[in-house]
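Just below is one structure, and these are the notes that go with it.
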Amino acid sequence: NNFSKSQSNFMDTMLVFSSGTDIRNLRQISAEIESKKGALVENQYRLRKSEVELRRKMRDFNNMKDDAESDPFDVEIMEIEIQEAINSRNGARTYIEAALKTILCMKQQYDAILKNKGIEDVTEIDFENEEEEFHIKKSTQQAFEDIVASGRISVGNNRYLLQIGIMPNLVHDYWIKFLGSPNSYEKKKFDEAREALYQQLKGSAIKEANTRGLDELFYENSCVRIEHRK
């Protein structure tokens with residue numbers, strides 16, 4: 001019994017929706033919900049077709065049984081096809097049940113994040129405004145993971161940091177110092193250290209953008225639907 005689901009709510013909460021910033025998590029949850037909704041609609045049509053196919057096969061089967069000239073093997077094959085149709089219908093029902101469970105769980109997670117942030121919903125502008133925070137926290141956390149695993153920041157994460165205007169050696173030295181303290185064994189202290197590092201690096205991306213001749217990280221009017229009137 002897999003409880004009509006492919007993975008647990010724990011996995012969704014702790015592993016899938018763990019982007020590091022609330023709005024990123026909201027975006028991920030929204031994307032997952034939309035994906036599930038699309039698959040749900042497809043399977044609803046699949047279920048309806050399975051029901052019709054089953055009724056048609058049952059009709060044909062009954063007609064064949066009543067016909068004395070029917071080949072017994074044809075009748076037997078029709079019985080097998082009916083069982084196949086029943087299994088197909090049951091499979092569609094199981095998927096629909098699983099999708100509804102997942103959507104409900106994700107909706108509850110989405111609402112909980114909104115409630116904890118004290119907001120009703122997020123806009124595209126909110127998402128863009130939080131992008132720098134997301135990438136600073138993601139890149140510095142990946143750098144931390146590199147240092148714990150190998151004692152150095154990987155080439156890929158060095159490049160990632162530089163692309164958003166952060167010197168990798170600064171991040172390296174910060175985490176080396178943190179790892180040398182007793183606090184390095186507590187997840188809460190790590191979260192606090194990562195937040196402190198983010199506050200220190202905040203604004204790095206816009207400075208990097210300025211060096212490339214850009215005056216903004218994004219332009220709000222590009223996030224607003226423009227209505228063209230004749």
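Starting from 1 in every chain, residues are counted up; chains themselves are A, B, ... following the order of the structure tokens, and ligands are numbered from 1 as listed.
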
query = Could you pull the residues within 12 Å of Arg56 of chain A, counting only C-alpha atoms, minus those fewer than 6 positions along the same chain, as a list in words?
reply = Lys49, Ser50, Asn62, Asn63, Met78, Glu81, Ile82 and Ala85 of chain A

Considering only C-alpha atoms, tabulate each residue of segment 93-143 of chain A that lies at most 10 Å from segment 167-184 of chain A along with its nearest interatomic pair and the corresponding distance in Å to one decimal; arrange the rows by chain and ascending residue number and present them as JSON lines.
```
{"residue": "A:Ser139", "atom": "CA", "partner": "A:Val171", "partner_atom": "CA", "distance": 9.5}
{"residue": "A:Thr140", "atom": "CA", "partner": "A:Val171", "partner_atom": "CA", "distance": 6.7}
{"residue": "A:Gln141", "atom": "CA", "partner": "A:Trp175", "partner_atom": "CA", "distance": 9.5}
{"residue": "A:Ala143", "atom": "CA", "partner": "A:His172", "partner_atom": "CA", "distance": 7.3}
```

task = Quick one: everything within 9 Å of Asp215 of chain A, counting only C-alpha atoms, minus sequence neighbours fewer than 6 positions away in the same chain. Send it as a VMD selection string.
result = chain A and resid 206 to 207 209

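Counting only C-alpha atoms, the residue from A:Leu26, A:Thr21, A:Glu186, A:Gln142 that sits nearest to Glu120 of chain A is A:Leu26.
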
key: Computed interatomic separation between atom CA of Phe17 of chain A and atom CA of Ile166 of chain A (Å)   = 25.8 Å

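For the residues A:Gly213, A:Gly165, A:Pro72, A:Gly91, ranking by smallest atom-to-atom distance to Gln44 of chain A using only C-alpha atoms places A:Gly91 first.
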
Would you mind listing what lies within 12 Å of Ile164 of chain A as a PDB file with C-alpha atoms, in the first residue's frame, with only C-alpha atoms counted and same-chain residues fewer than 6 positions away left out?
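So result.pdb came out as:
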```pdb
ATOM      1  CA  GLU A 131      16.105  37.016  -6.262  1.00  0.00           C
ATOM      2  CA  GLU A 132      19.334  38.568  -4.992  1.00  0.00           C
ATOM      3  CA  GLU A 133      18.719  37.176  -1.513  1.00  0.00           C
ATOM      4  CA  PHE A 134      18.009  33.739  -2.949  1.00  0.00           C
ATOM      5  CA  HIS A 135      21.157  33.600  -5.069  1.00  0.00           C
ATOM      6  CA  ILE A 136      23.436  34.978  -2.358  1.00  0.00           C
ATOM      7  CA  LYS A 137      22.137  32.450   0.150  1.00  0.00           C
ATOM      8  CA  LYS A 138      22.219  29.592  -2.334  1.00  0.00           C
ATOM      9  CA  SER A 139      25.739  30.318  -3.572  1.00  0.00           C
ATOM     10  CA  THR A 140      27.177  30.820  -0.092  1.00  0.00           C
ATOM     11  CA  ASN A 157      30.576  27.727  -7.217  1.00  0.00           C
ATOM     12  CA  ASN A 158      33.560  30.083  -7.526  1.00  0.00           C
ATOM     13  CA  LEU A 201      26.970  40.717   0.958  1.00  0.00           C
ATOM     14  CA  LYS A 202      23.583  42.288   0.287  1.00  0.00           C
ATOM     15  CA  GLY A 203      23.791  44.690  -2.630  1.00  0.00           C
ATOM     16  CA  SER A 204      26.644  42.851  -4.340  1.00  0.00           C
ATOM     17  CA  ALA A 205      24.518  41.971  -7.349  1.00  0.00           C
ATOM     18  CA  ILE A 206      23.478  45.541  -8.147  1.00  0.00           C
ATOM     19  CA  LYS A 207      27.112  46.653  -7.868  1.00  0.00           C
ATOM     20  CA  GLU A 208      28.075  43.907 -10.305  1.00  0.00           C
ATOM     21  CA  ALA A 209      25.229  44.927 -12.606  1.00  0.00           C
ATOM     22  CA  ASN A 210      26.482  48.520 -12.521  1.00  0.00           C
ATOM     23  CA  THR A 211      29.922  47.394 -13.704  1.00  0.00           C
ATOM     24  CA  ARG A 212      28.181  45.820 -16.704  1.00  0.00           C
ATOM     25  CA  LEU A 217      18.649  44.250 -11.619  1.00  0.00           C
TER      26      LEU A 217
END
```

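With only C-alpha atoms taken into account, the protein and nucleic acid residues at most 12 Å from Phe10 of chain A (excluding it and anything under 5 positions from it in its own chain) are Leu15, Val16, Phe17, Ser18, Thr102, Cys105, Met106 and Gln109 of chain A.
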
Residues from the last selection, N, CA, C and O atoms, saved as a short mmCIF file (atom, residue, chain, number, x, y, z; two decimals), in the first residue's frame:
```cif
data_model
loop_
_atom_site.label_atom_id
_atom_site.label_comp_id
_atom_site.auth_asym_id
_atom_site.auth_seq_id
_atom_site.Cartn_x
_atom_site.Cartn_y
_atom_site.Cartn_z
N LEU A 15 12.58 18.52 1.55
CA LEU A 15 13.56 18.35 0.47
C LEU A 15 13.19 19.10 -0.80
O LEU A 15 14.04 19.73 -1.42
N VAL A 16 11.93 19.03 -1.19
CA VAL A 16 11.53 19.69 -2.44
C VAL A 16 11.40 21.20 -2.24
O VAL A 16 11.94 21.99 -3.01
N PHE A 17 10.67 21.60 -1.19
CA PHE A 17 10.44 23.02 -0.95
C PHE A 17 11.44 23.55 0.08
O PHE A 17 11.10 23.88 1.21
N SER A 18 12.69 23.60 -0.33
CA SER A 18 13.75 24.04 0.57
C SER A 18 14.68 24.99 -0.16
O SER A 18 15.90 24.85 -0.11
N THR A 102 -1.90 15.46 -2.98
CA THR A 102 -0.69 16.27 -3.12
C THR A 102 -1.03 17.75 -3.25
O THR A 102 -0.39 18.60 -2.62
N CYS A 105 -2.02 19.14 0.14
CA CYS A 105 -0.85 19.33 0.99
C CYS A 105 -0.08 20.58 0.58
O CYS A 105 0.30 21.40 1.42
N MET A 106 0.14 20.74 -0.72
CA MET A 106 0.89 21.90 -1.22
C MET A 106 0.15 23.20 -0.96
O MET A 106 0.77 24.22 -0.63
N GLN A 109 0.72 24.14 2.56
CA GLN A 109 2.07 24.68 2.73
C GLN A 109 2.15 26.12 2.22
O GLN A 109 2.76 26.99 2.85
#
```

remark   = Expressed in Å, the length from atom CA of Ile86 of chain A to atom CA of Asp67 of chain A is 23.8 Å

ask   = Within 6 Å of segment 27-41 of chain A, counting only C-alpha atoms, which residues qualify if same-chain residues fewer than 3 places away don't, as a PyMOL selection string?
value = chain A and resi 24+44+96+103

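Here atom CA of Ile77 of chain A is placed at a distance of 28.6 Å from atom CA of Glu42 of chain A.
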
task = Go through A:Gln163, A:Ser70, A:Asn9, A:Gln200 one by one, measure the shortest atom-to-atom distance of each to Gln108 of chain A using only C-alpha atoms, and give the residue with the smallest value.
result = A:Asn9
